[in-house]
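J.: Quick one, work.cif (mmCIF, C-alpha atoms):
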```cif
data_upload
#
loop_
_atom_site.group_PDB
_atom_site.id
_atom_site.type_symbol
_atom_site.label_atom_id
_atom_site.label_comp_id
_atom_site.auth_asym_id
_atom_site.auth_seq_id
_atom_site.Cartn_x
_atom_site.Cartn_y
_atom_site.Cartn_z
ATOM 1 C CA ALA W 1 -52.167 -0.066 16.841
ATOM 2 C CA GLN W 2 -50.918 -3.247 15.246
ATOM 3 C CA SER W 3 -53.141 -4.798 12.611
ATOM 4 C CA VAL W 4 -53.243 -6.950 9.503
ATOM 5 C CA THR W 5 -55.399 -6.346 6.448
ATOM 6 C CA GLN W 6 -56.016 -8.800 3.637
ATOM 7 C CA LEU W 7 -57.417 -7.121 0.571
ATOM 8 C CA GLY W 8 -60.214 -9.167 -0.939
ATOM 9 C CA SER W 9 -62.215 -11.747 0.964
ATOM 10 C CA HIS W 10 -62.670 -13.808 -2.214
ATOM 11 C CA VAL W 11 -60.276 -14.228 -5.119
ATOM 12 C CA SER W 12 -61.064 -16.352 -8.153
ATOM 13 C CA VAL W 13 -58.499 -17.415 -10.739
ATOM 14 C CA SER W 14 -58.375 -19.867 -13.595
ATOM 15 C CA GLU W 15 -56.232 -22.967 -13.389
ATOM 16 C CA GLY W 16 -52.738 -22.081 -14.579
ATOM 17 C CA ALA W 17 -53.133 -18.362 -13.861
ATOM 18 C CA LEU W 18 -51.110 -16.280 -11.443
ATOM 19 C CA VAL W 19 -52.283 -16.216 -7.857
ATOM 20 C CA LEU W 20 -51.823 -12.968 -5.908
ATOM 21 C CA LEU W 21 -53.179 -12.619 -2.377
ATOM 22 C CA ARG W 22 -52.540 -9.305 -0.695
ATOM 23 C CA CYS W 23 -51.530 -8.657 2.902
ATOM 24 C CA ASN W 24 -50.643 -5.345 4.525
ATOM 25 C CA TYR W 25 -49.738 -4.797 8.128
ATOM 26 C CA SER W 26 -49.609 -1.807 10.422
ATOM 27 C CA SER W 27 -46.849 -1.678 13.011
ATOM 28 C CA SER W 28 -44.273 0.656 14.488
ATOM 29 C CA VAL W 29 -41.885 -2.211 15.267
ATOM 30 C CA PRO W 30 -40.442 -4.937 13.044
ATOM 31 C CA PRO W 31 -42.965 -7.734 12.546
ATOM 32 C CA TYR W 32 -42.722 -11.475 12.173
ATOM 33 C CA LEU W 33 -44.873 -12.456 9.189
ATOM 34 C CA PHE W 34 -46.619 -15.700 8.321
ATOM 35 C CA TRP W 35 -48.985 -17.121 5.728
ATOM 36 C CA TYR W 36 -51.229 -20.029 6.646
ATOM 37 C CA VAL W 37 -53.581 -22.109 4.496
ATOM 38 C CA GLN W 38 -56.802 -23.760 5.626
ATOM 39 C CA TYR W 39 -58.380 -26.506 3.549
ATOM 40 C CA PRO W 40 -62.081 -27.283 4.112
ATOM 41 C CA ASN W 41 -62.834 -28.725 7.538
ATOM 42 C CA GLN W 42 -59.214 -28.589 8.629
ATOM 43 C CA GLY W 43 -57.027 -26.475 10.846
ATOM 44 C CA LEU W 44 -54.399 -24.030 9.631
ATOM 45 C CA GLN W 45 -51.126 -25.168 8.093
ATOM 46 C CA LEU W 46 -48.048 -23.008 7.760
ATOM 47 C CA LEU W 47 -47.294 -22.054 4.151
ATOM 48 C CA LEU W 48 -44.272 -19.862 4.825
ATOM 49 C CA LYS W 49 -42.806 -17.331 7.210
ATOM 50 C CA TYR W 50 -40.559 -14.297 6.871
ATOM 51 C CA THR W 51 -37.255 -14.762 8.664
ATOM 52 C CA SER W 52 -35.393 -11.536 7.732
ATOM 53 C CA ALA W 53 -32.698 -13.568 5.972
ATOM 54 C CA ALA W 54 -34.222 -12.670 2.608
ATOM 55 C CA THR W 55 -37.121 -10.525 1.504
ATOM 56 C CA LEU W 56 -38.413 -13.200 -0.890
ATOM 57 C CA VAL W 57 -39.574 -16.267 0.997
ATOM 58 C CA LYS W 58 -40.370 -19.598 -0.600
ATOM 59 C CA GLY W 59 -42.934 -21.883 0.960
ATOM 60 C CA ILE W 60 -44.659 -25.157 0.306
ATOM 61 C CA ASN W 61 -46.712 -26.033 -2.778
ATOM 62 C CA GLY W 62 -44.942 -23.471 -4.976
ATOM 63 C CA PHE W 63 -46.053 -20.403 -3.023
ATOM 64 C CA GLU W 64 -43.791 -17.493 -2.226
ATOM 65 C CA ALA W 65 -44.125 -14.113 -0.552
ATOM 66 C CA GLU W 66 -42.136 -10.916 -0.704
ATOM 67 C CA PHE W 67 -41.615 -8.653 2.283
ATOM 68 C CA LYS W 68 -41.645 -4.976 1.305
ATOM 69 C CA LYS W 69 -40.902 -2.821 4.312
ATOM 70 C CA SER W 70 -41.566 0.462 2.500
ATOM 71 C CA GLU W 71 -45.051 -0.745 1.570
ATOM 72 C CA THR W 72 -45.660 -2.665 4.813
ATOM 73 C CA SER W 73 -46.754 -5.579 2.665
ATOM 74 C CA PHE W 74 -46.240 -9.324 2.522
ATOM 75 C CA HIS W 75 -48.176 -10.459 -0.563
ATOM 76 C CA LEU W 76 -48.477 -14.143 -1.410
ATOM 77 C CA THR W 77 -48.014 -15.343 -4.980
ATOM 78 C CA LYS W 78 -47.937 -18.516 -7.023
ATOM 79 C CA PRO W 79 -47.078 -18.435 -10.733
ATOM 80 C CA SER W 80 -49.574 -21.081 -11.813
ATOM 81 C CA ALA W 81 -52.710 -22.003 -9.876
ATOM 82 C CA HIS W 82 -53.766 -25.590 -9.420
ATOM 83 C CA MET W 83 -57.221 -26.845 -8.523
ATOM 84 C CA SER W 84 -55.814 -28.162 -5.243
ATOM 85 C CA ASP W 85 -54.891 -24.602 -4.199
ATOM 86 C CA ALA W 86 -58.549 -23.806 -3.530
ATOM 87 C CA ALA W 87 -58.614 -22.979 0.179
ATOM 88 C CA GLU W 88 -58.699 -20.083 2.606
ATOM 89 C CA TYR W 89 -55.472 -18.201 3.195
ATOM 90 C CA PHE W 90 -54.562 -16.204 6.265
ATOM 91 C CA CYS W 91 -51.831 -13.673 6.748
ATOM 92 C CA ALA W 92 -50.610 -13.273 10.341
ATOM 93 C CA VAL W 93 -48.176 -11.004 12.147
ATOM 94 C CA GLY W 94 -46.329 -11.446 15.407
ATOM 95 C CA PHE W 95 -43.971 -9.272 17.405
ATOM 96 C CA TYR W 96 -40.960 -9.666 19.638
ATOM 97 C CA ASN W 97 -41.668 -10.519 23.271
ATOM 98 C CA GLN W 98 -45.343 -11.280 22.706
ATOM 99 C CA GLY W 99 -45.162 -14.931 23.689
ATOM 100 C CA GLY W 100 -45.816 -16.115 20.158
ATOM 101 C CA LYS W 101 -49.205 -14.408 19.907
ATOM 102 C CA LEU W 102 -50.313 -13.661 16.371
ATOM 103 C CA ILE W 103 -52.710 -11.175 14.849
ATOM 104 C CA PHE W 104 -54.556 -12.694 11.902
ATOM 105 C CA GLY W 105 -56.005 -11.062 8.847
ATOM 106 C CA GLN W 106 -59.616 -11.638 7.863
ATOM 107 C CA GLY W 107 -58.716 -14.374 5.410
ATOM 108 C CA THR W 108 -58.982 -14.674 1.635
ATOM 109 C CA GLU W 109 -60.874 -17.527 0.046
ATOM 110 C CA LEU W 110 -59.211 -18.647 -3.164
ATOM 111 C CA SER W 111 -61.318 -20.345 -5.840
ATOM 112 C CA VAL W 112 -59.682 -21.997 -8.855
ATOM 113 C CA LYS W 113 -61.757 -22.461 -11.991
ATOM 114 C CA PRO W 114 -61.001 -25.267 -14.443
ATOM 115 C CA ASP T 1 -44.148 -33.924 13.693
ATOM 116 C CA VAL T 2 -46.230 -31.897 16.125
ATOM 117 C CA LYS T 3 -49.713 -33.186 16.762
ATOM 118 C CA VAL T 4 -52.409 -30.940 18.190
ATOM 119 C CA THR T 5 -55.589 -32.876 18.809
ATOM 120 C CA GLN T 6 -58.995 -31.408 19.479
ATOM 121 C CA SER T 7 -61.341 -33.914 21.053
ATOM 122 C CA SER T 8 -64.394 -33.215 18.892
ATOM 123 C CA ARG T 9 -64.736 -32.184 15.244
ATOM 124 C CA TYR T 10 -68.413 -31.351 15.569
ATOM 125 C CA LEU T 11 -70.443 -30.562 18.659
ATOM 126 C CA VAL T 12 -74.076 -29.564 19.139
ATOM 127 C CA LYS T 13 -75.177 -28.147 22.472
ATOM 128 C CA ARG T 14 -78.146 -26.281 23.878
ATOM 129 C CA THR T 15 -78.353 -22.730 25.167
ATOM 130 C CA GLY T 16 -77.350 -22.509 28.814
ATOM 131 C CA GLU T 17 -75.285 -25.698 28.836
ATOM 132 C CA LYS T 18 -71.732 -25.743 30.153
ATOM 133 C CA VAL T 19 -69.500 -26.808 27.270
ATOM 134 C CA PHE T 20 -65.954 -28.133 27.400
ATOM 135 C CA LEU T 21 -63.628 -28.126 24.395
ATOM 136 C CA GLU T 22 -60.441 -30.090 24.867
ATOM 137 C CA CYS T 23 -57.071 -29.698 23.180
ATOM 138 C CA VAL T 24 -53.973 -31.849 23.623
ATOM 139 C CA GLN T 25 -50.500 -31.405 22.150
ATOM 140 C CA ASP T 26 -47.830 -34.071 22.194
ATOM 141 C CA MET T 27 -44.588 -32.095 21.886
ATOM 142 C CA ASP T 28 -44.119 -30.458 25.291
ATOM 143 C CA HIS T 29 -45.039 -27.030 23.926
ATOM 144 C CA GLU T 30 -45.073 -24.158 26.362
ATOM 145 C CA ASN T 31 -47.727 -21.865 24.940
ATOM 146 C CA MET T 32 -51.222 -22.846 23.928
ATOM 147 C CA PHE T 33 -53.955 -20.737 22.371
ATOM 148 C CA TRP T 34 -57.701 -20.834 21.785
ATOM 149 C CA TYR T 35 -59.207 -18.959 18.843
ATOM 150 C CA ARG T 36 -62.626 -18.675 17.350
ATOM 151 C CA GLN T 37 -63.000 -18.363 13.605
ATOM 152 C CA ASP T 38 -65.949 -16.608 12.010
ATOM 153 C CA PRO T 39 -66.457 -15.740 8.323
ATOM 154 C CA GLY T 40 -65.017 -12.356 7.459
ATOM 155 C CA LEU T 41 -63.436 -11.931 10.879
ATOM 156 C CA GLY T 42 -60.453 -14.254 10.619
ATOM 157 C CA LEU T 43 -59.173 -15.794 13.827
ATOM 158 C CA ARG T 44 -59.713 -13.999 17.097
ATOM 159 C CA LEU T 45 -57.793 -14.924 20.234
ATOM 160 C CA ILE T 46 -59.953 -15.938 23.184
ATOM 161 C CA TYR T 47 -57.360 -17.023 25.765
ATOM 162 C CA PHE T 48 -53.824 -18.269 25.846
ATOM 163 C CA SER T 49 -51.636 -20.007 28.383
ATOM 164 C CA TYR T 50 -47.865 -19.918 28.748
ATOM 165 C CA ASP T 51 -47.538 -22.498 31.503
ATOM 166 C CA VAL T 52 -49.484 -24.883 33.680
ATOM 167 C CA LYS T 53 -52.190 -23.060 35.660
ATOM 168 C CA MET T 54 -51.285 -19.794 33.927
ATOM 169 C CA LYS T 55 -53.684 -18.038 31.576
ATOM 170 C CA GLU T 56 -54.074 -14.688 29.894
ATOM 171 C CA LYS T 57 -57.078 -13.102 28.255
ATOM 172 C CA GLY T 58 -57.012 -12.578 24.558
ATOM 173 C CA ASP T 59 -59.135 -10.184 22.557
ATOM 174 C CA ILE T 60 -62.563 -11.754 23.162
ATOM 175 C CA PRO T 61 -62.574 -13.592 26.522
ATOM 176 C CA GLU T 62 -66.131 -12.711 27.556
ATOM 177 C CA GLY T 63 -68.294 -15.774 28.097
ATOM 178 C CA TYR T 64 -65.312 -18.135 28.142
ATOM 179 C CA SER T 65 -62.860 -19.524 30.644
ATOM 180 C CA VAL T 66 -59.916 -21.906 30.314
ATOM 181 C CA SER T 67 -58.088 -24.532 32.296
ATOM 182 C CA ARG T 68 -54.539 -25.821 32.030
ATOM 183 C CA GLU T 69 -53.871 -28.393 34.708
ATOM 184 C CA LYS T 70 -51.260 -30.292 32.680
ATOM 185 C CA LYS T 71 -48.775 -28.906 30.203
ATOM 186 C CA GLU T 72 -50.129 -30.899 27.268
ATOM 187 C CA ARG T 73 -53.835 -30.116 27.768
ATOM 188 C CA PHE T 74 -55.668 -26.810 27.377
ATOM 189 C CA SER T 75 -59.430 -26.710 27.828
ATOM 190 C CA LEU T 76 -61.856 -24.038 26.744
ATOM 191 C CA ILE T 77 -65.034 -23.716 28.782
ATOM 192 C CA LEU T 78 -68.245 -22.014 27.811
ATOM 193 C CA GLU T 79 -69.826 -21.400 31.195
ATOM 194 C CA SER T 80 -73.360 -20.942 29.850
ATOM 195 C CA ALA T 81 -73.501 -21.440 26.119
ATOM 196 C CA SER T 82 -75.335 -18.898 23.991
ATOM 197 C CA THR T 83 -76.261 -18.945 20.311
ATOM 198 C CA ASN T 84 -73.713 -16.219 19.508
ATOM 199 C CA GLN T 85 -70.988 -18.670 20.507
ATOM 200 C CA THR T 86 -71.795 -20.873 17.531
ATOM 201 C CA SER T 87 -68.493 -20.902 15.689
ATOM 202 C CA MET T 88 -65.394 -22.827 14.684
ATOM 203 C CA TYR T 89 -62.925 -23.115 17.557
ATOM 204 C CA LEU T 90 -59.242 -23.673 16.883
ATOM 205 C CA CYS T 91 -56.521 -24.636 19.315
ATOM 206 C CA ALA T 92 -52.831 -23.945 18.638
ATOM 207 C CA SER T 93 -49.488 -24.318 20.370
ATOM 208 C CA ILE T 94 -45.864 -23.210 20.099
ATOM 209 C CA LEU T 95 -42.746 -24.704 21.592
ATOM 210 C CA ASP T 96 -40.870 -21.755 23.047
ATOM 211 C CA ARG T 97 -42.646 -18.635 24.221
ATOM 212 C CA SER T 98 -39.435 -16.597 23.966
ATOM 213 C CA ASP T 99 -39.169 -17.111 20.195
ATOM 214 C CA SER T 100 -41.819 -14.997 18.492
ATOM 215 C CA ASN T 101 -40.731 -16.163 15.041
ATOM 216 C CA GLN T 102 -42.026 -19.672 15.567
ATOM 217 C CA PRO T 103 -45.142 -20.731 13.708
ATOM 218 C CA GLN T 104 -48.139 -21.891 15.668
ATOM 219 C CA HIS T 105 -49.284 -25.489 15.200
ATOM 220 C CA PHE T 106 -53.038 -25.923 14.868
ATOM 221 C CA GLY T 107 -55.558 -28.630 15.584
ATOM 222 C CA ASP T 108 -58.278 -29.468 13.062
ATOM 223 C CA GLY T 109 -60.880 -27.378 14.848
ATOM 224 C CA THR T 110 -64.197 -27.998 16.580
ATOM 225 C CA ARG T 111 -67.302 -26.763 14.849
ATOM 226 C CA LEU T 112 -69.662 -25.909 17.683
ATOM 227 C CA SER T 113 -73.367 -25.245 17.213
ATOM 228 C CA ILE T 114 -75.457 -23.855 20.042
ATOM 229 C CA LEU T 115 -79.189 -24.385 19.571
#
```
Show how you would write the structure in this file as structure tokens.

T.:
Amino acid sequence: AQSVTQLGSHVSVSEGALVLLRCNYSSSVPPYLFWYVQYPNQGLQLLLKYTSAATLVKGINGFEAEFKKSETSFHLTKPSAHMSDAAEYFCAVGFYNQGGKLIFGQGTELSVKP
Amino acid sequence: DVKVTQSSRYLVKRTGEKVFLECVQDMDHENMFWYRQDPGLGLRLIYFSYDVKMKEKGDIPEGYSVSREKKERFSLILESASTNQTSMYLCASILDRSDSNQPQHFGDGTRLSIL
């Protein structure tokens, strides 16, 4: 069965520290991978998506993610956290010929301490 | 830029009421989706639609129905609201249903409370 797992429902980092949010997927076919961010009382915004052109994908606000097929992972990182990064982050996976449907992970809430 | 608009940000209804949540997109998108979002559960797909008058059940359709009479509008209906339907509801759309690598575009959500 196809699924997405985000390790850690809450992650707390200090301002300026590395951010690492983990995402693993389970699939027997090649996936399409996305990271979304949700700020309080808002909908989801696309941070980045994997396009198969490169395994390291750069997104908005300094975030990037690396696709590792052997580990079935698509972890999200940012070298230096900013207070404005505090939000909930969702990893999502889609598949060919599924009409754009996505399977979402449980979400990880990122807190940034001053 | 794509705009997905949900008619209400906050809604309070009573048990047993029929509740309508409206979603409109302005970019001629083909597919539209309704999700509910609950803490620790992420987003779960309720229904989606790939064309006018067409609908497909998602993972948790029980207690809900949908309507898509016009391409730009997708309505979620709670036939008889219950307290376990208190949640955040998110609408999304994509342009081309044949391209699975497109991102979905989301509205700001409706936080629904059933008393």

J.: Can you check which parts of chain T lie within 12 Å of chain W? Per residue, the shortest pair of atoms and distance in Å to one decimal, counting all atoms listed in the file, sorted by chain and number, as a tab-separated table.

T.:
```
residue	atom	partner	partner_atom	distance
T:Val2	CA	W:Gln45	CA	11.6
T:Lys3	CA	W:Gly43	CA	11.6
T:Val4	CA	W:Gly43	CA	9.8
T:Thr5	CA	W:Gly43	CA	10.3
T:Gln6	CA	W:Gly43	CA	10.1
T:Arg9	CA	W:Asn41	CA	8.7
T:Tyr10	CA	W:Asn41	CA	10.1
T:His29	CA	W:Gly100	CA	11.6
T:Glu30	CA	W:Gly99	CA	9.6
T:Asn31	CA	W:Gly99	CA	7.5
T:Met32	CA	W:Gly100	CA	9.4
T:Phe33	CA	W:Lys101	CA	8.3
T:Trp34	CA	W:Lys101	CA	10.8
T:Tyr35	CA	W:Phe104	CA	10.4
T:Arg36	CA	W:Phe104	CA	11.4
T:Gln37	CA	W:Gln106	CA	9.5
T:Asp38	CA	W:Gln106	CA	9.1
T:Pro39	CA	W:Gln106	CA	8.0
T:Gly40	CA	W:Gln106	CA	5.5
T:Leu41	CA	W:Gln106	CA	4.9
T:Gly42	CA	W:Gln106	CA	3.9
T:Leu43	CA	W:Phe104	CA	5.9
T:Arg44	CA	W:Phe104	CA	7.4
T:Leu45	CA	W:Ile103	CA	8.3
T:Ile46	CA	W:Lys101	CA	11.3
T:Tyr47	CA	W:Lys101	CA	10.4
T:Phe48	CA	W:Lys101	CA	8.5
T:Ser49	CA	W:Gly99	CA	9.5
T:Tyr50	CA	W:Gly99	CA	7.6
T:Asp51	CA	W:Gly99	CA	11.1
T:Glu56	CA	W:Gly99	CA	10.9
T:Lys57	CA	W:Lys101	CA	11.5
T:Gly58	CA	W:Lys101	CA	9.3
T:Asp59	CA	W:Ile103	CA	10.1
T:Met88	CA	W:Asn41	CA	9.6
T:Tyr89	CA	W:Gly43	CA	9.5
T:Leu90	CA	W:Gly43	CA	7.0
T:Cys91	CA	W:Gly43	CA	8.7
T:Ala92	CA	W:Leu44	CA	9.1
T:Ser93	CA	W:Gly100	CA	9.0
T:Ile94	CA	W:Gly100	CA	7.1
T:Leu95	CA	W:Gly100	CA	9.2
T:Asp96	CA	W:Gly100	CA	8.0
T:Arg97	CA	W:Gly99	CA	4.5
T:Ser98	CA	W:Gly99	CA	6.0
T:Asp99	CA	W:Gly100	CA	6.7
T:Ser100	CA	W:Gly100	CA	4.5
T:Asn101	CA	W:Tyr32	CA	5.8
T:Gln102	CA	W:Gly100	CA	6.9
T:Pro103	CA	W:Leu46	CA	7.0
T:Gln104	CA	W:Gly100	CA	7.7
T:His105	CA	W:Gln45	CA	7.3
T:Phe106	CA	W:Gly43	CA	5.7
T:Gly107	CA	W:Gly43	CA	5.4
T:Asp108	CA	W:Gly43	CA	3.9
T:Gly109	CA	W:Gly43	CA	5.6
T:Thr110	CA	W:Asn41	CA	9.2
T:Arg111	CA	W:Asn41	CA	8.8
```

J.: With the file shown as input, list the residues that the PyMOL selection byres ((chain T and resi 80) around 8) selects, as a ChimeraX atom specification.

T.: /T:15-19,63,78-79,81-82

J.: Can you tell me how far atom CA of T:Ser75 sits from atom CA of T:Arg14, in Å to one decimal?

T.: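 Between atom CA of T:Ser75 and atom CA of T:Arg14 the gap works out to 19.1 Å.
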
J.: For the provided coordinates, the residues matched by the PyMOL selection byres ((chain T and resi 72) around 9) should be stated as a short mmCIF file (atom, residue, chain, number, x, y, z; two decimals) with C-alpha atoms, in the frame of the given file.

T.:
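Produced file out-v6.cif, reproduced below:
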```
data_model
loop_
_atom_site.label_atom_id
_atom_site.label_comp_id
_atom_site.auth_asym_id
_atom_site.auth_seq_id
_atom_site.Cartn_x
_atom_site.Cartn_y
_atom_site.Cartn_z
CA CYS T 23 -57.07 -29.70 23.18
CA VAL T 24 -53.97 -31.85 23.62
CA GLN T 25 -50.50 -31.40 22.15
CA ASP T 26 -47.83 -34.07 22.19
CA MET T 27 -44.59 -32.10 21.89
CA ASP T 28 -44.12 -30.46 25.29
CA HIS T 29 -45.04 -27.03 23.93
CA GLU T 30 -45.07 -24.16 26.36
CA MET T 32 -51.22 -22.85 23.93
CA VAL T 52 -49.48 -24.88 33.68
CA ARG T 68 -54.54 -25.82 32.03
CA GLU T 69 -53.87 -28.39 34.71
CA LYS T 70 -51.26 -30.29 32.68
CA LYS T 71 -48.78 -28.91 30.20
CA ARG T 73 -53.84 -30.12 27.77
CA PHE T 74 -55.67 -26.81 27.38
#
```

J.: Any chance you could resolve the PyMOL selection byres ((chain W and resi 80) around 9) against this file and give the residues as a list in words?

T.: Glu15, Gly16, Ala17, Leu18, Val19, Gly62, Lys78, Pro79, Ala81 and His82 of chain W
